[in-house]
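One file, final-v6.pdb, carrying PDB, C-alpha atoms:
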```
MODEL        1
ATOM      1  CA  MET A   1      27.962  93.711 -65.243
ATOM      2  CA  GLU A   2      27.554  95.724 -68.444
ATOM      3  CA  GLU A   3      26.108  98.618 -66.422
ATOM      4  CA  GLU A   4      29.171  98.651 -64.124
ATOM      5  CA  THR A   5      31.471  98.746 -67.162
ATOM      6  CA  GLU A   6      29.537 101.729 -68.542
ATOM      7  CA  LYS A   7      29.735 103.526 -65.197
ATOM      8  CA  GLY A   8      33.473 102.865 -65.028
ATOM      9  CA  LEU A   9      33.956 104.144 -68.565
ATOM     10  CA  LEU A  10      31.927 107.303 -67.875
ATOM     11  CA  GLU A  11      33.918 107.910 -64.683
ATOM     12  CA  CYS A  12      37.154 107.470 -66.616
ATOM     13  CA  VAL A  13      36.045 109.885 -69.364
ATOM     14  CA  ARG A  14      34.889 112.381 -66.758
ATOM     15  CA  LYS A  15      38.140 112.041 -64.851
ATOM     16  CA  PHE A  16      40.238 112.845 -67.887
ATOM     17  CA  SER A  17      38.006 115.473 -69.448
ATOM     18  CA  THR A  18      38.415 119.133 -68.680
ATOM     19  CA  ALA A  19      35.598 121.578 -68.093
ATOM     20  CA  PRO A  20      35.208 124.036 -70.997
ATOM     21  CA  PHE A  21      35.326 126.988 -68.573
ATOM     22  CA  LEU A  22      38.767 125.923 -67.368
ATOM     23  CA  LEU A  23      40.102 125.344 -70.884
ATOM     24  CA  LYS A  24      38.846 128.723 -72.089
ATOM     25  CA  THR A  25      40.268 130.508 -69.060
ATOM     26  CA  TYR A  26      43.600 128.757 -69.507
ATOM     27  CA  MET A  27      43.639 129.773 -73.184
ATOM     28  CA  LEU A  28      42.995 133.436 -72.265
ATOM     29  CA  VAL A  29      45.762 133.501 -69.682
ATOM     30  CA  GLU A  30      48.219 131.520 -71.823
ATOM     31  CA  ASP A  31      47.696 133.666 -74.949
ATOM     32  CA  PRO A  32      50.646 136.102 -75.216
ATOM     33  CA  THR A  33      48.514 138.614 -77.151
ATOM     34  CA  THR A  34      46.362 139.187 -74.049
ATOM     35  CA  ASN A  35      49.252 139.778 -71.617
ATOM     36  CA  ASP A  36      48.462 143.479 -71.217
ATOM     37  CA  VAL A  37      44.978 142.543 -69.901
ATOM     38  CA  VAL A  38      45.437 139.098 -68.278
ATOM     39  CA  SER A  39      48.626 137.116 -67.660
ATOM     40  CA  TRP A  40      50.510 134.703 -65.425
ATOM     41  CA  ASN A  41      52.445 136.023 -62.456
ATOM     42  CA  ASP A  42      56.255 135.760 -62.599
ATOM     43  CA  ASP A  43      56.462 132.139 -61.421
ATOM     44  CA  GLY A  44      53.320 130.958 -63.257
ATOM     45  CA  THR A  45      51.449 129.879 -60.098
ATOM     46  CA  THR A  46      48.710 132.512 -60.318
ATOM     47  CA  PHE A  47      47.108 134.616 -63.005
ATOM     48  CA  VAL A  48      46.303 138.312 -62.805
ATOM     49  CA  VAL A  49      43.549 140.261 -64.525
ATOM     50  CA  LEU A  50      45.399 143.540 -64.945
ATOM     51  CA  GLN A  51      42.548 145.432 -66.614
ATOM     52  CA  PRO A  52      39.175 144.042 -65.461
ATOM     53  CA  ALA A  53      37.067 146.435 -67.569
ATOM     54  CA  GLU A  54      38.903 145.566 -70.781
ATOM     55  CA  PHE A  55      38.920 141.883 -69.827
ATOM     56  CA  ALA A  56      35.130 141.919 -69.430
ATOM     57  CA  ARG A  57      34.465 144.055 -72.500
ATOM     58  CA  ASP A  58      36.962 142.609 -74.977
ATOM     59  CA  LEU A  59      37.998 139.092 -73.902
ATOM     60  CA  LEU A  60      35.081 137.469 -72.065
ATOM     61  CA  PRO A  61      32.638 137.708 -74.993
ATOM     62  CA  THR A  62      35.148 136.007 -77.313
ATOM     63  CA  LEU A  63      34.974 132.717 -75.360
ATOM     64  CA  PHE A  64      31.986 133.017 -73.041
ATOM     65  CA  ASN A  65      28.370 133.982 -73.591
ATOM     66  CA  HIS A  66      28.630 137.077 -71.428
ATOM     67  CA  CYS A  67      30.787 140.051 -70.553
ATOM     68  CA  ASN A  68      30.127 140.030 -66.832
ATOM     69  CA  PHE A  69      33.347 140.026 -64.792
ATOM     70  CA  SER A  70      31.617 139.135 -61.525
ATOM     71  CA  SER A  71      30.066 136.054 -63.179
ATOM     72  CA  PHE A  72      33.524 135.020 -64.315
ATOM     73  CA  VAL A  73      34.859 135.410 -60.761
ATOM     74  CA  ARG A  74      31.909 133.385 -59.394
ATOM     75  CA  GLN A  75      32.766 130.598 -61.843
ATOM     76  CA  LEU A  76      36.391 130.689 -60.691
ATOM     77  CA  ASN A  77      35.180 130.296 -57.114
ATOM     78  CA  THR A  78      33.154 127.199 -58.026
ATOM     79  CA  TYR A  79      36.358 125.561 -59.267
ATOM     80  CA  GLY A  80      38.264 126.369 -56.078
ATOM     81  CA  PHE A  81      40.178 129.459 -57.190
ATOM     82  CA  ARG A  82      41.068 131.918 -54.456
ATOM     83  CA  LYS A  83      41.793 135.606 -54.751
ATOM     84  CA  VAL A  84      45.410 136.127 -53.697
ATOM     85  CA  ARG A  85      45.481 139.855 -53.000
ATOM     86  CA  ARG A  86      42.834 142.385 -52.140
ATOM     87  CA  SER A  87      44.581 145.101 -54.101
ATOM     88  CA  ARG A  88      44.282 143.348 -57.473
ATOM     89  CA  TRP A  89      42.437 140.564 -59.294
ATOM     90  CA  GLU A  90      44.973 137.792 -58.824
ATOM     91  CA  PHE A  91      43.730 134.200 -58.599
ATOM     92  CA  CYS A  92      45.327 130.907 -57.715
ATOM     93  CA  ASN A  93      44.504 127.222 -57.760
ATOM     94  CA  GLU A  94      47.144 124.554 -57.210
ATOM     95  CA  ARG A  95      46.062 122.786 -60.420
ATOM     96  CA  PHE A  96      46.004 125.890 -62.613
ATOM     97  CA  ARG A  97      49.639 126.581 -63.490
ATOM     98  CA  LYS A  98      51.532 127.930 -66.443
ATOM     99  CA  GLY A  99      52.654 125.169 -68.782
ATOM    100  CA  GLU A 100      50.789 122.426 -66.850
ATOM    101  CA  LYS A 101      47.573 122.196 -68.835
ATOM    102  CA  GLU A 102      47.259 118.470 -68.045
ATOM    103  CA  LEU A 103      46.423 119.363 -64.403
ATOM    104  CA  LEU A 104      43.153 120.967 -65.536
ATOM    105  CA  CYS A 105      41.454 117.573 -65.893
ATOM    106  CA  GLU A 106      41.903 117.045 -62.134
ATOM    107  CA  MET A 107      39.904 120.150 -61.302
ATOM    108  CA  ARG A 108      36.281 119.603 -60.335
ATOM    109  CA  ARG A 109      33.464 121.991 -59.782
ATOM    110  CA  LYS A 110      32.388 122.303 -56.151
ATOM    111  CA  LYS A 111      29.164 120.457 -55.514
ATOM    112  CA  SER A 112      27.298 123.320 -53.926
ATOM    113  CA  TRP A 113      23.979 121.935 -55.177
ATOM    114  CA  VAL A 114      24.327 118.984 -52.783
ATOM    115  CA  ARG A 115      24.763 121.354 -49.860
ATOM    116  CA  LYS A 116      21.925 123.514 -51.180
ATOM    117  CA  LYS A 117      19.580 120.519 -51.282
ATOM    118  CA  GLN A 118      20.661 119.463 -47.786
ATOM    119  CA  ASN A 119      20.086 123.014 -46.534
ATOM    120  CA  GLU A 120      16.683 123.096 -48.224
ATOM    121  CA  ARG A 121      15.739 119.777 -46.611
ATOM    122  CA  SER A 122      17.012 120.992 -43.256
ATOM    123  CA  LEU A 123      15.070 124.248 -43.613
ATOM    124  CA  ALA A 124      11.946 122.375 -44.684
ATOM    125  CA  SER A 125      12.307 120.035 -41.724
ATOM    126  CA  ARG A 126      12.810 122.939 -39.302
ATOM    127  CA  PHE A 127       9.927 124.800 -40.919
ATOM    128  CA  SER A 128       7.537 121.858 -40.592
ATOM    129  CA  SER A 129       8.709 121.290 -37.024
ATOM    130  CA  ASN A 130       8.255 124.986 -36.197
ATOM    131  CA  TYR A 131       4.917 124.964 -38.003
ATOM    132  CA  ALA A 132       3.684 122.067 -35.841
ATOM    133  CA  VAL A 133       4.853 123.852 -32.683
ATOM    134  CA  LEU A 134       3.115 127.048 -33.778
ATOM    135  CA  MET A 135      -0.096 125.167 -34.597
ATOM    136  CA  ASP A 136      -0.093 123.550 -31.138
ATOM    137  CA  GLU A 137       0.584 126.913 -29.532
ATOM    138  CA  ASN A 138      -2.250 128.440 -31.563
ATOM    139  CA  LYS A 139      -4.686 125.742 -30.384
ATOM    140  CA  ARG A 140      -3.598 126.241 -26.774
ATOM    141  CA  LEU A 141      -4.031 130.014 -27.061
ATOM    142  CA  LYS A 142      -7.500 129.624 -28.616
ATOM    143  CA  LYS A 143      -8.613 127.430 -25.690
ATOM    144  CA  GLU A 144      -7.111 129.875 -23.190
ATOM    145  CA  ASN A 145      -8.856 132.724 -25.006
ATOM    146  CA  LYS A 146     -12.243 130.954 -24.722
ATOM    147  CA  VAL A 147     -11.728 130.459 -20.980
ATOM    148  CA  LEU A 148     -10.772 134.126 -20.575
ATOM    149  CA  GLN A 149     -13.783 135.246 -22.656
ATOM    150  CA  SER A 150     -16.048 133.201 -20.400
ATOM    151  CA  GLU A 151     -14.480 134.662 -17.256
ATOM    152  CA  LEU A 152     -14.752 138.167 -18.688
ATOM    153  CA  THR A 153     -18.443 137.670 -19.468
ATOM    154  CA  THR A 154     -19.046 136.417 -15.902
ATOM    155  CA  ILE A 155     -17.158 139.373 -14.413
ATOM    156  CA  LYS A 156     -19.056 141.867 -16.616
ATOM    157  CA  THR A 157     -22.356 140.370 -15.453
ATOM    158  CA  LYS A 158     -21.277 140.616 -11.787
ATOM    159  CA  CYS A 159     -20.123 144.197 -12.324
ATOM    160  CA  ARG A 160     -23.483 145.155 -13.851
ATOM    161  CA  ASP A 161     -25.320 143.477 -10.974
ATOM    162  CA  LEU A 162     -23.114 145.282  -8.452
ATOM    163  CA  LEU A 163     -23.582 148.609 -10.217
ATOM    164  CA  ASP A 164     -27.357 148.084 -10.248
ATOM    165  CA  LEU A 165     -27.254 147.285  -6.528
ATOM    166  CA  VAL A 166     -25.152 150.356  -5.744
ATOM    167  CA  THR A 167     -27.436 152.535  -7.833
ATOM    168  CA  LYS A 168     -30.501 151.119  -6.098
ATOM    169  CA  TYR A 169     -28.938 151.581  -2.651
ATOM    170  CA  SER A 170     -27.804 155.146  -3.378
ATOM    171  CA  SER A 171     -31.241 156.175  -4.647
ATOM    172  CA  ALA A 172     -32.942 154.546  -1.655
ATOM    173  CA  LYS A 173     -30.601 156.044   0.946
ATOM    174  CA  PRO A 174     -31.897 159.640   0.893
ATOM    175  CA  GLU A 175     -35.460 158.371   1.523
ATOM    176  CA  ARG A 176     -34.242 156.252   4.462
ATOM    177  CA  LEU A 177     -32.379 159.200   5.938
ATOM    178  CA  ARG A 178     -35.525 161.338   5.778
ATOM    179  CA  PHE A 179     -37.582 158.519   7.337
ATOM    180  CA  GLU A 180     -35.051 158.158  10.156
ATOM    181  CA  GLN A 181     -34.994 161.939  10.732
ATOM    182  CA  VAL A 182     -38.745 162.060  10.912
ATOM    183  CA  GLN A 183     -38.773 159.242  13.461
ATOM    184  CA  GLU A 184     -36.165 160.963  15.610
ATOM    185  CA  GLU A 185     -38.118 164.198  15.639
ATOM    186  CA  SER A 186     -41.274 162.592  16.748
TER
ENDMDL
END
```
Turn this file's structure into structure tokens for me.
Amino acid sequence: MEEETEKGLLECVRKFSTAPFLLKTYMLVEDPTTNDVVSWNDDGTTFVVLQPAEFARDLLPTLFNHCNFSSFVRQLNTYGFRKVRRSRWEFCNERFRKGEKELLCEMRRKKSWVRKKQNERSLASRFSSNYAVLMDENKRLKKENKVLQSELTTIKTKCRDLLDLVTKYSSAKPERLRFEQVQEES
């Protein structure tokens, strides 16, 4: 019973806590001093990184341990953000809105690791299945190869015997022809 209460409490804390990445991003976008680099769109439903190079160089290192813009975008993707336009770095998420910071606690990171593990298991299963099939095929081919080797050896022996016979016959033929000619003349 005590364990269930702890699980419920942890779930409750997790439900109402906000990921540091989301809080930091919200702070960057919300800060009016950064509006020339990153800001909300007109209706506050998306945010736009107006100057990606400056954003990466000047703002990212202040709150994150890197200055890599593509890493920042990857993180956004893990929280369900979508790029709105191809022509500029504008991102949206229905729970990331101007003046609605309380929605951030509802945002959860995508559980890609679960899918990764399932894919790994699936790949491992297919690999082991394919491996077994290949091993069986290898055994079958080895047996077939032995049979073919045996047949080849037999055929080589017969060919040598035939060649010996032909050679013997061809060397004996001129003598026979002379013998027959001599008999006809007499």
Review point. Between atom CA of A:Phe47 and atom CA of A:Glu102, what is the distance, to one decimal in Å?
Key: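 Going from atom CA of A:Phe47 over to atom CA of A:Glu102, I get 16.9 Å.
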Evaluate the PyMOL selection byres ((chain A and resi 42-46) around 7) against this structure - the residues, as a compact mmCIF listing (two decimals) with C-alpha atoms, in the frame of the given file, please.
```txt
# COMPACT_ATOMS: atom_id res chain seq x y z
CA TRP A 40 50.51 134.70 -65.42
CA ASN A 41 52.44 136.02 -62.46
CA PHE A 47 47.11 134.62 -63.00
CA VAL A 48 46.30 138.31 -62.80
CA GLU A 90 44.97 137.79 -58.82
CA PHE A 91 43.73 134.20 -58.60
CA CYS A 92 45.33 130.91 -57.72
CA ARG A 97 49.64 126.58 -63.49
CA LYS A 98 51.53 127.93 -66.44
```
Give me the residues of stretch 53-154 of chain A that have any atom at most 8 Å from an atom of stretch 18-30 of chain A; for each, the nearest atom pair and the distance in Å, rounded to one decimal. Use all atoms listed in the file, sort by chain and number, and format it as JSON lines.
```
{"residue": "A:Leu59", "atom": "CA", "partner": "A:Leu28", "partner_atom": "CA", "distance": 7.7}
{"residue": "A:Leu63", "atom": "CA", "partner": "A:Lys24", "partner_atom": "CA", "distance": 6.5}
{"residue": "A:Phe96", "atom": "CA", "partner": "A:Tyr26", "partner_atom": "CA", "distance": 7.8}
{"residue": "A:Lys98", "atom": "CA", "partner": "A:Glu30", "partner_atom": "CA", "distance": 7.3}
{"residue": "A:Lys101", "atom": "CA", "partner": "A:Tyr26", "partner_atom": "CA", "distance": 7.7}
{"residue": "A:Leu104", "atom": "CA", "partner": "A:Thr18", "partner_atom": "CA", "distance": 6.0}
{"residue": "A:Cys105", "atom": "CA", "partner": "A:Thr18", "partner_atom": "CA", "distance": 4.4}
{"residue": "A:Glu106", "atom": "CA", "partner": "A:Thr18", "partner_atom": "CA", "distance": 7.7}
{"residue": "A:Met107", "atom": "CA", "partner": "A:Thr18", "partner_atom": "CA", "distance": 7.6}
```
Suppose you want the space between atom CA of A:Tyr79 and atom CA of A:Leu103; what is it in Å?
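These two atoms are separated by 12.9 Å.
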Write out as JSON, numbers by chain each polymer residue whose atoms come within 10 Å of A:Ala56, counting all atoms listed in the file; drop sequence neighbours fewer than 2 positions from it. {"A": [37, 49, 51, 52, 53, 54, 58, 59, 60, 61, 62, 66, 67, 68, 69, 70, 71, 72]}
Computed gap from atom CA of A:Val73 to atom CA of A:Phe55 is 11.9 Å
